[in-house]
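Worksheet: one structure, shown below.
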Amino acid sequence: MPREELLSPEGLRLDGRRWNNLRTLKLSLRTHPTSSGSALLTSGHTSILCLIHGPSEPSLRSKQQHDRCTITVDLTYAPFSGTDRKRRNRTDKRISELRSVIQRTFSRAVMTHLHPRSEITITLLVLSQDGGVLAGCINAATLALIDAGVPMWGYVAAVTVGWVPGQGGEGEEEGTPVLDVNNAEEGELGVLTLATMGDKGRVILGMLESRVRLEAVEGLMAVAVDSAGKVKDMMDEEVRRHGEAIARAAGVGS
Amino acid sequence: MPLLSPPEYSYLRTSLLSEPPIRPDLRSLTAFRPLAAELTLLPTTHGSSRLFLPDGSECIVGIKPELSAHPSFEVSIEIAGLRDDDPMAVLLAGMVADTIRAQVHERLRTSGNWSSGAAEGMETAGGAQTRGRPWGWKLYIDVVVVSPPASHPGGLVSLAVHLALRDLRLPKLVSAPEEDPVFDDDYEACEWLFPREAGAGGIPAVREGGKGMNKADTPAVTVLVAAVGDNVLFDPTREEMVVADCVAAVSVTRDGSVGGLRMLETGSGGENGGVGRKVVNRIVKEVGVAAGGLFESLDQIVRTSI
Amino acid sequence: MLSISLPSAAPPLPPSSHHRASSDPDGDITMSASADDLDHLPTTLVTPGEPLTTSPQWMRGHGTYLTPPSTITSSVLGHITKTNKLLSVTPLHSRYTPEIGDLVIGRISEVQAKRWKVDIGSHQHAALLLSSINLPGGILRKRTSTDELQIRTFFSEGDLLVAEVQSLFQDGSASLHTRSLKYGKLRNGMLVVVPSAMVPRSKNHTVVLKGGAGAGEVEVVLGVNGFVWIAKKRVVEVKKPEGGVQGMVSITRLEEEASMALYSNENDEVDEATRKEIARVAGVVRVLAREGVRVEEEVLKIGYKIAVEMAEEGDEGLEGERGRRMVERVLGS
């Protein structure tokens, strides 16, 4: 795809966004009251549901750790989630890799020492995908864990940033980062998925797929950390709105 | 860990054996638990539905058509928390496929040109090489059961697939029969696979019935029933299934004819193990009688979602 | 017969808050209250990672952690609670956390050598020691190896029982006891499970309702863990020492004698009218919890009365809309 399509001279991307526009973000907590916690996240056309079970007695004795809680992640792509129908089974390498990354991230973010010998199961379902699936999963899981009352050190907020390379050669024009990539952009560009924890921009997850020039990485990271902070604020706003609605309703019942 | 303690088991069984049976939620014999349903919710599909129960069981179905050499369909079921090859998921996929096979095949046969006169006519017309490539639709019917089922998902899945099929629209052909198939890009031009109303729009039924929807106009449905003594309970909960003499998945068409019956293993069996013939006959009869009301409710949801 | 409602009646897949965002430097960010303003914000909602105070007068309690050097920080979504010098955050939602003295209902999940594991819907299963139950022969009887071998004659996997939290292990899990005659195996009824937040701790966890429509009395045991047992009213049986007729004794007797009848799995005779009312009460409990109304004695009595009235008016069953109407009438009274 020619560079001008990904980013026009006027600075417009394929879907009309500018380099620093996030897609429309819709967040909901407690979508499934019968689970311990739940959340639905939609970013553009990427839609991810997260359900939490636990902390509770582990399903297998082998999963019990004497000094901390075990985090188990289950990730499914619905076969109808992409433009082309595709059935992925759980041994799919991509899925295994994502599960592992998500599991490690939340083993850090959750205060697991407070629930030894228990297990928390994070179930993620990708209902539709248009880029940024890992970031969406991280954000959905954060919200669902908060809904479940699982103690965490802070919010884990994730974003994707792609790198549109500059024109090569002499008088080289510098490349441009583009925030919150969709499927088409993901297919063409090097993309960094980054997650921060808490307020101070501490990076807890970084995944750079496809090659990007070394000089570009610093710029990418700066944009990513800053944007993750904005995403965190948006998540916090929804969490508070949701919490206040619950508190109001509870007032009725007492 | 067993679902019920011995006193719970015998209390429930005695309640269900009463005349009339006293169900834990005071439902009547033929009442289903209240469902919430949504159609046309997945933009990447040509037909979709979402159903859920108050106990948290939820099912999303998406249908995507693909060009193929001849018409067919494939059903896949993913249940959150279970492996892909878990026997429950595989059994359920087979059950769903069996239930809908007759009606879906009939409708698919009228689309595509693989059996149309045009292709055959071309062939016999002096060996012309320009006959159209035979093509038909292959439907991928993908089911996702979101929450680990508090009940057997069979009934929920079957209703969700039924509604998704009735929500399904196929791209409209704009090329001539002898050409390679080209379709209208406009989603609004798509045609319903199953007619929305009797005789209205859509791909015409192979058999022209009289007024009102005929048997082929909607896909069949599978209902789960539990037999306890002389009583046949519809849409049993997991507890009711555990104490029942037998649990059956029965597929039924809108005119009340029972197309298939599968005994599921979840029943406890009577004193002598297994059940008498009378019980099976009673199940078939009750499902046939209830079919009318069931399809009316489904028609209602399809109608209101337009 | 098959009631399918439209999406508007359903928990929505369409989400509730929309953001079209850019990374403008002057985007709105709500500042949380200054960390030392706590005295002015008694019911503040706080979120994970939010700093609460740096003041050394506070000790940190549940739902918080310490960010060095001295900031108490929230770890959950919840409300600040202050008890003396202890600053905690109570999460809006969480699984049941046992406290000593709680009345709970649980299901035996595992039988071990000298104890059982009991599922009480908490972070871990609770323990019930052989030494913590009533054995035939009286409270002071020594536990023998025969008892250990016959452990399943008392409680076996799947059995449902009501117990009290006796103590807590270091990891917060519970140890239960059934050493009063008001505890023990549950019979003659059915279980309803609701979120534990819907059953508050109160003085009285056993509610007796007079059955409408000529039925007998219905007893509701409200487990603080959200497990609720609804059954025909219990009577306590005690074997008289001289043998012969079993008598009924008040459970306030200090010298408590138990018999193997305590561990029987046999139900009593429960007539159909009573069964119907038991199911009706179960419906009331479910609907109250679903609509966010805490289930306790007064509310339950009113709710059941209204449910019986509604049934007389022809409104059998409390599903969907009818349930909501019942709750409205309860709140109105």
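Naming works like this for the structure tokens: A, B, ... for the chains as they're shown, residue 1 at the start of each chain, ligands 1 onward in shown order.
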Could you give me, as a Markdown table, a per-residue list for chain B showing, wherever an atom lies at most 12 Å from an atom of chain A, the closest pair of atoms and their distance in Å to one decimal, using only C-alpha atoms and sorting by chain then residue number from low to high?
| residue | atom | partner | partner_atom | distance |
| --- | --- | --- | --- | --- |
| B:Met1 | CA | A:Ser59 | CA | 11.7 |
| B:Leu41 | CA | A:Leu127 | CA | 10.7 |
| B:Leu42 | CA | A:Ser128 | CA | 8.0 |
| B:Pro43 | CA | A:Ser128 | CA | 8.6 |
| B:Thr44 | CA | A:Thr83 | CA | 5.9 |
| B:Thr45 | CA | A:Phe80 | CA | 6.6 |
| B:His46 | CA | A:Phe80 | CA | 10.0 |
| B:Gly47 | CA | A:Phe80 | CA | 10.5 |
| B:Ser48 | CA | A:Phe80 | CA | 9.7 |
| B:Arg50 | CA | A:Leu127 | CA | 11.8 |
| B:Phe52 | CA | A:His32 | CA | 10.3 |
| B:Leu53 | CA | A:Thr34 | CA | 10.6 |
| B:Pro54 | CA | A:Thr34 | CA | 8.5 |
| B:Asp55 | CA | A:Thr34 | CA | 6.8 |
| B:Gly56 | CA | A:Thr34 | CA | 5.5 |
| B:Ser57 | CA | A:Thr34 | CA | 9.0 |
| B:Glu58 | CA | A:His32 | CA | 9.4 |
| B:Cys59 | CA | A:Ala78 | CA | 11.7 |
| B:Ile60 | CA | A:Leu127 | CA | 9.2 |
| B:Val61 | CA | A:Phe80 | CA | 8.7 |
| B:Gly62 | CA | A:Phe80 | CA | 5.9 |
| B:Ile63 | CA | A:Phe80 | CA | 7.3 |
| B:Lys64 | CA | A:Arg85 | CA | 7.0 |
| B:Pro65 | CA | A:Arg85 | CA | 9.0 |
| B:Glu66 | CA | A:Arg85 | CA | 9.0 |
| B:Glu74 | CA | A:Arg87 | CA | 11.6 |
| B:Val75 | CA | A:Pro79 | CA | 10.9 |
| B:Ser76 | CA | A:Arg87 | CA | 8.6 |
| B:Ile77 | CA | A:Pro79 | CA | 9.7 |
| B:Glu78 | CA | A:Ala78 | CA | 8.1 |
| B:Ile79 | CA | A:Thr76 | CA | 9.6 |
| B:Ala80 | CA | A:Thr123 | CA | 7.6 |
| B:Gly81 | CA | A:Asp74 | CA | 7.1 |
| B:Leu82 | CA | A:Asp74 | CA | 9.7 |
| B:Arg83 | CA | A:Arg90 | CA | 7.5 |
| B:Asp84 | CA | A:Asn89 | CA | 6.5 |
| B:Asp85 | CA | A:Asn89 | CA | 9.3 |
| B:Asp86 | CA | A:Asn89 | CA | 11.9 |
| B:Lys138 | CA | A:Arg85 | CA | 11.7 |
| B:Leu139 | CA | A:Arg85 | CA | 10.4 |
| B:Tyr140 | CA | A:Arg85 | CA | 7.8 |
| B:Ile141 | CA | A:Phe80 | CA | 8.8 |
| B:Asp142 | CA | A:Pro79 | CA | 6.3 |
| B:Val143 | CA | A:Ala78 | CA | 8.2 |
| B:Val144 | CA | A:Ala78 | CA | 6.8 |
| B:Val145 | CA | A:Ala78 | CA | 10.1 |
| B:Val146 | CA | A:Leu125 | CA | 7.9 |
| B:Ser147 | CA | A:Leu51 | CA | 8.2 |
| B:Pro148 | CA | A:Ser35 | CA | 9.7 |
| B:Pro149 | CA | A:Thr34 | CA | 11.2 |
| B:Ala150 | CA | A:Thr34 | CA | 10.1 |
Chain C contacts on chain B, only C-alpha atoms, 9 Å, as number ranges by chain | B: 1-8, 10-12, 15, 18, 22-28, 30-39, 52, 290, 293-298, 300-301, 304-305
Create the file for the chosen residues now, containing N, CA and C atoms and written as a tab-separated table (two decimals), in the first residue's frame.
chain	number	residue	atom	x	y	z
B	1	MET	N	-17.68	-32.65	42.63
B	1	MET	CA	-18.67	-32.36	43.67
B	1	MET	C	-20.07	-32.50	43.08
B	2	PRO	N	-20.89	-33.32	43.65
B	2	PRO	CA	-22.25	-33.51	43.11
B	2	PRO	C	-23.03	-32.20	43.17
B	3	LEU	N	-24.00	-32.09	42.27
B	3	LEU	CA	-24.78	-30.87	42.20
B	3	LEU	C	-25.75	-30.76	43.37
B	4	LEU	N	-26.30	-31.89	43.79
B	4	LEU	CA	-27.35	-31.88	44.82
B	4	LEU	C	-27.02	-32.86	45.93
B	5	SER	N	-27.38	-32.49	47.16
B	5	SER	CA	-27.25	-33.43	48.27
B	5	SER	C	-28.43	-34.40	48.20
B	6	PRO	N	-28.33	-35.56	48.85
B	6	PRO	CA	-29.45	-36.52	48.81
B	6	PRO	C	-30.79	-35.92	49.24
B	7	PRO	N	-30.86	-35.12	50.31
B	7	PRO	CA	-32.16	-34.53	50.64
B	7	PRO	C	-32.65	-33.57	49.55
B	8	GLU	N	-31.74	-32.78	48.95
B	8	GLU	CA	-32.16	-31.86	47.89
B	8	GLU	C	-32.72	-32.66	46.72
B	10	SER	N	-34.04	-35.73	46.66
B	10	SER	CA	-35.35	-36.37	46.85
B	10	SER	C	-36.44	-35.33	47.02
B	11	TYR	N	-36.11	-34.17	47.61
B	11	TYR	CA	-37.12	-33.12	47.73
B	11	TYR	C	-37.56	-32.65	46.35
B	12	LEU	N	-36.58	-32.43	45.47
B	12	LEU	CA	-36.91	-31.94	44.13
B	12	LEU	C	-37.68	-32.98	43.34
B	15	SER	N	-41.20	-33.15	44.45
B	15	SER	CA	-41.94	-31.98	43.97
B	15	SER	C	-42.30	-32.13	42.51
B	18	SER	N	-45.19	-34.48	41.68
B	18	SER	CA	-46.54	-34.11	42.10
B	18	SER	C	-47.41	-33.87	40.88
B	22	ILE	N	-44.49	-29.32	40.90
B	22	ILE	CA	-44.11	-28.04	41.48
B	22	ILE	C	-42.65	-27.80	41.13
B	23	ARG	N	-42.43	-26.93	40.12
B	23	ARG	CA	-41.05	-26.67	39.69
B	23	ARG	C	-40.45	-25.62	40.61
B	24	PRO	N	-39.13	-25.65	40.79
B	24	PRO	CA	-38.49	-24.74	41.76
B	24	PRO	C	-38.77	-23.27	41.47
B	25	ASP	N	-39.05	-22.91	40.22
B	25	ASP	CA	-39.37	-21.51	39.94
B	25	ASP	C	-40.86	-21.34	39.61
B	26	LEU	N	-41.67	-22.34	40.00
B	26	LEU	CA	-43.13	-22.28	39.82
B	26	LEU	C	-43.55	-22.14	38.36
B	27	ARG	N	-42.69	-22.55	37.43
B	27	ARG	CA	-43.05	-22.51	36.02
B	27	ARG	C	-44.05	-23.61	35.72
B	28	SER	N	-44.82	-23.41	34.66
B	28	SER	CA	-45.69	-24.50	34.22
B	28	SER	C	-44.85	-25.50	33.43
B	30	THR	N	-44.83	-26.39	30.33
B	30	THR	CA	-44.34	-26.02	29.00
B	30	THR	C	-43.68	-24.65	28.96
B	31	ALA	N	-43.52	-24.00	30.12
B	31	ALA	CA	-42.95	-22.64	30.10
B	31	ALA	C	-41.44	-22.70	29.99
B	32	PHE	N	-40.90	-21.87	29.11
B	32	PHE	CA	-39.46	-21.70	29.02
B	32	PHE	C	-39.06	-20.59	29.99
B	33	ARG	N	-37.81	-20.60	30.38
B	33	ARG	CA	-37.33	-19.48	31.19
B	33	ARG	C	-37.28	-18.24	30.29
B	34	PRO	N	-37.53	-17.06	30.85
B	34	PRO	CA	-37.56	-15.87	30.00
B	34	PRO	C	-36.21	-15.62	29.34
B	35	LEU	N	-36.27	-15.36	28.05
B	35	LEU	CA	-35.06	-15.16	27.26
B	35	LEU	C	-35.02	-13.73	26.77
B	36	ALA	N	-33.83	-13.18	26.60
B	36	ALA	CA	-33.70	-11.92	25.88
B	36	ALA	C	-32.97	-12.22	24.59
B	37	ALA	N	-33.44	-11.62	23.50
B	37	ALA	CA	-32.85	-11.94	22.19
B	37	ALA	C	-32.58	-10.69	21.39
B	38	GLU	N	-31.57	-10.76	20.57
B	38	GLU	CA	-31.16	-9.64	19.72
B	38	GLU	C	-30.78	-10.22	18.38
B	39	LEU	N	-31.14	-9.53	17.30
B	39	LEU	CA	-30.75	-10.02	15.97
B	39	LEU	C	-29.90	-8.98	15.26
B	52	PHE	N	-29.81	-14.68	25.68
B	52	PHE	CA	-29.31	-15.06	26.98
B	52	PHE	C	-30.42	-15.19	28.01
B	290	ALA	N	-46.75	-28.62	21.75
B	290	ALA	CA	-46.21	-27.32	22.15
B	290	ALA	C	-45.58	-26.55	21.00
B	293	GLY	N	-47.07	-22.95	19.72
B	293	GLY	CA	-46.79	-21.78	20.56
B	293	GLY	C	-45.34	-21.36	20.49
B	294	LEU	N	-44.46	-22.33	20.44
B	294	LEU	CA	-43.03	-22.06	20.39
B	294	LEU	C	-42.68	-21.26	19.14
B	295	PHE	N	-43.16	-21.73	17.97
B	295	PHE	CA	-42.82	-21.04	16.73
B	295	PHE	C	-43.49	-19.68	16.64
B	296	GLU	N	-44.66	-19.57	17.24
B	296	GLU	CA	-45.30	-18.24	17.26
B	296	GLU	C	-44.43	-17.24	17.98
B	297	SER	N	-43.89	-17.65	19.14
B	297	SER	CA	-43.01	-16.74	19.90
B	297	SER	C	-41.79	-16.37	19.08
B	298	LEU	N	-41.22	-17.34	18.37
B	298	LEU	CA	-40.04	-17.06	17.55
B	298	LEU	C	-40.41	-16.12	16.40
B	300	GLN	N	-42.62	-13.92	16.45
B	300	GLN	CA	-42.83	-12.60	17.04
B	300	GLN	C	-41.50	-11.86	17.15
B	301	ILE	N	-40.46	-12.54	17.61
B	301	ILE	CA	-39.19	-11.85	17.79
B	301	ILE	C	-38.60	-11.46	16.44
B	304	THR	N	-40.57	-8.34	15.22
B	304	THR	CA	-40.30	-7.08	15.91
B	304	THR	C	-38.88	-6.59	15.69
B	305	SER	N	-38.00	-7.44	15.15
B	305	SER	CA	-36.64	-6.98	14.98
B	305	SER	C	-36.40	-6.37	13.61
Using only C-alpha atoms, find each residue in chain A having at least one atom no more than 6 Å away from chain C; report its shortest atom-to-atom pair and that distance in Å (one decimal), rows by chain then rising number, as a Markdown table.
| residue | atom | partner | partner_atom | distance |
| --- | --- | --- | --- | --- |
| A:Asn20 | CA | C:Ser22 | CA | 5.8 |
| A:Asn21 | CA | C:Ser22 | CA | 4.4 |
| A:Leu22 | CA | C:Ala21 | CA | 5.4 |
| A:Thr24 | CA | C:Arg20 | CA | 4.6 |
| A:Leu25 | CA | C:His19 | CA | 5.1 |
| A:Lys26 | CA | C:His18 | CA | 4.7 |
| A:Leu27 | CA | C:Pro15 | CA | 5.7 |
| A:Ser28 | CA | C:Pro15 | CA | 5.0 |
| A:Pro55 | CA | C:His123 | CA | 5.0 |
| A:Ser56 | CA | C:His123 | CA | 4.0 |
| A:Glu57 | CA | C:Gln124 | CA | 4.7 |
| A:Ala148 | CA | C:Ser94 | CA | 5.8 |
| A:Gly149 | CA | C:Ser94 | CA | 4.9 |
| A:Pro151 | CA | C:Ser75 | CA | 4.9 |
| A:Met152 | CA | C:Ser75 | CA | 5.1 |
| A:Trp153 | CA | C:Gly49 | CA | 5.7 |
| A:Gly154 | CA | C:Gly49 | CA | 4.1 |
| A:Gly198 | CA | C:Gly49 | CA | 5.8 |
| A:Gly253 | CA | C:Val293 | CA | 4.3 |
Residues at most 7 Å from Tyr183 of chain C, counting only C-alpha atoms, excluding those fewer than 5 positions away in the same chain, as a list in words?
-> Val162, Ala163 and Thr178 of chain C
Pick out the residues sitting within 8 Å of Cys190 of chain B, and hand them over as number ranges by chain; count only C-alpha atoms, and ignore anything fewer than 3 positions along from it in its own chain.
-> B: 169-172, 184, 186-187
Gap from atom CA of Lys85 of chain C to atom CA of Leu52 of chain C - Å, one decimal | 13.9 Å
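Using only C-alpha atoms, the contacts of Val239 of chain A at a cut-off of 8 Å, with sequence neighbours closer than 3 positions omitted, comprise Leu29, Leu143, Met235, Asp236, His242 and Gly243 of chain A; Thr47 and Leu77 of chain C.
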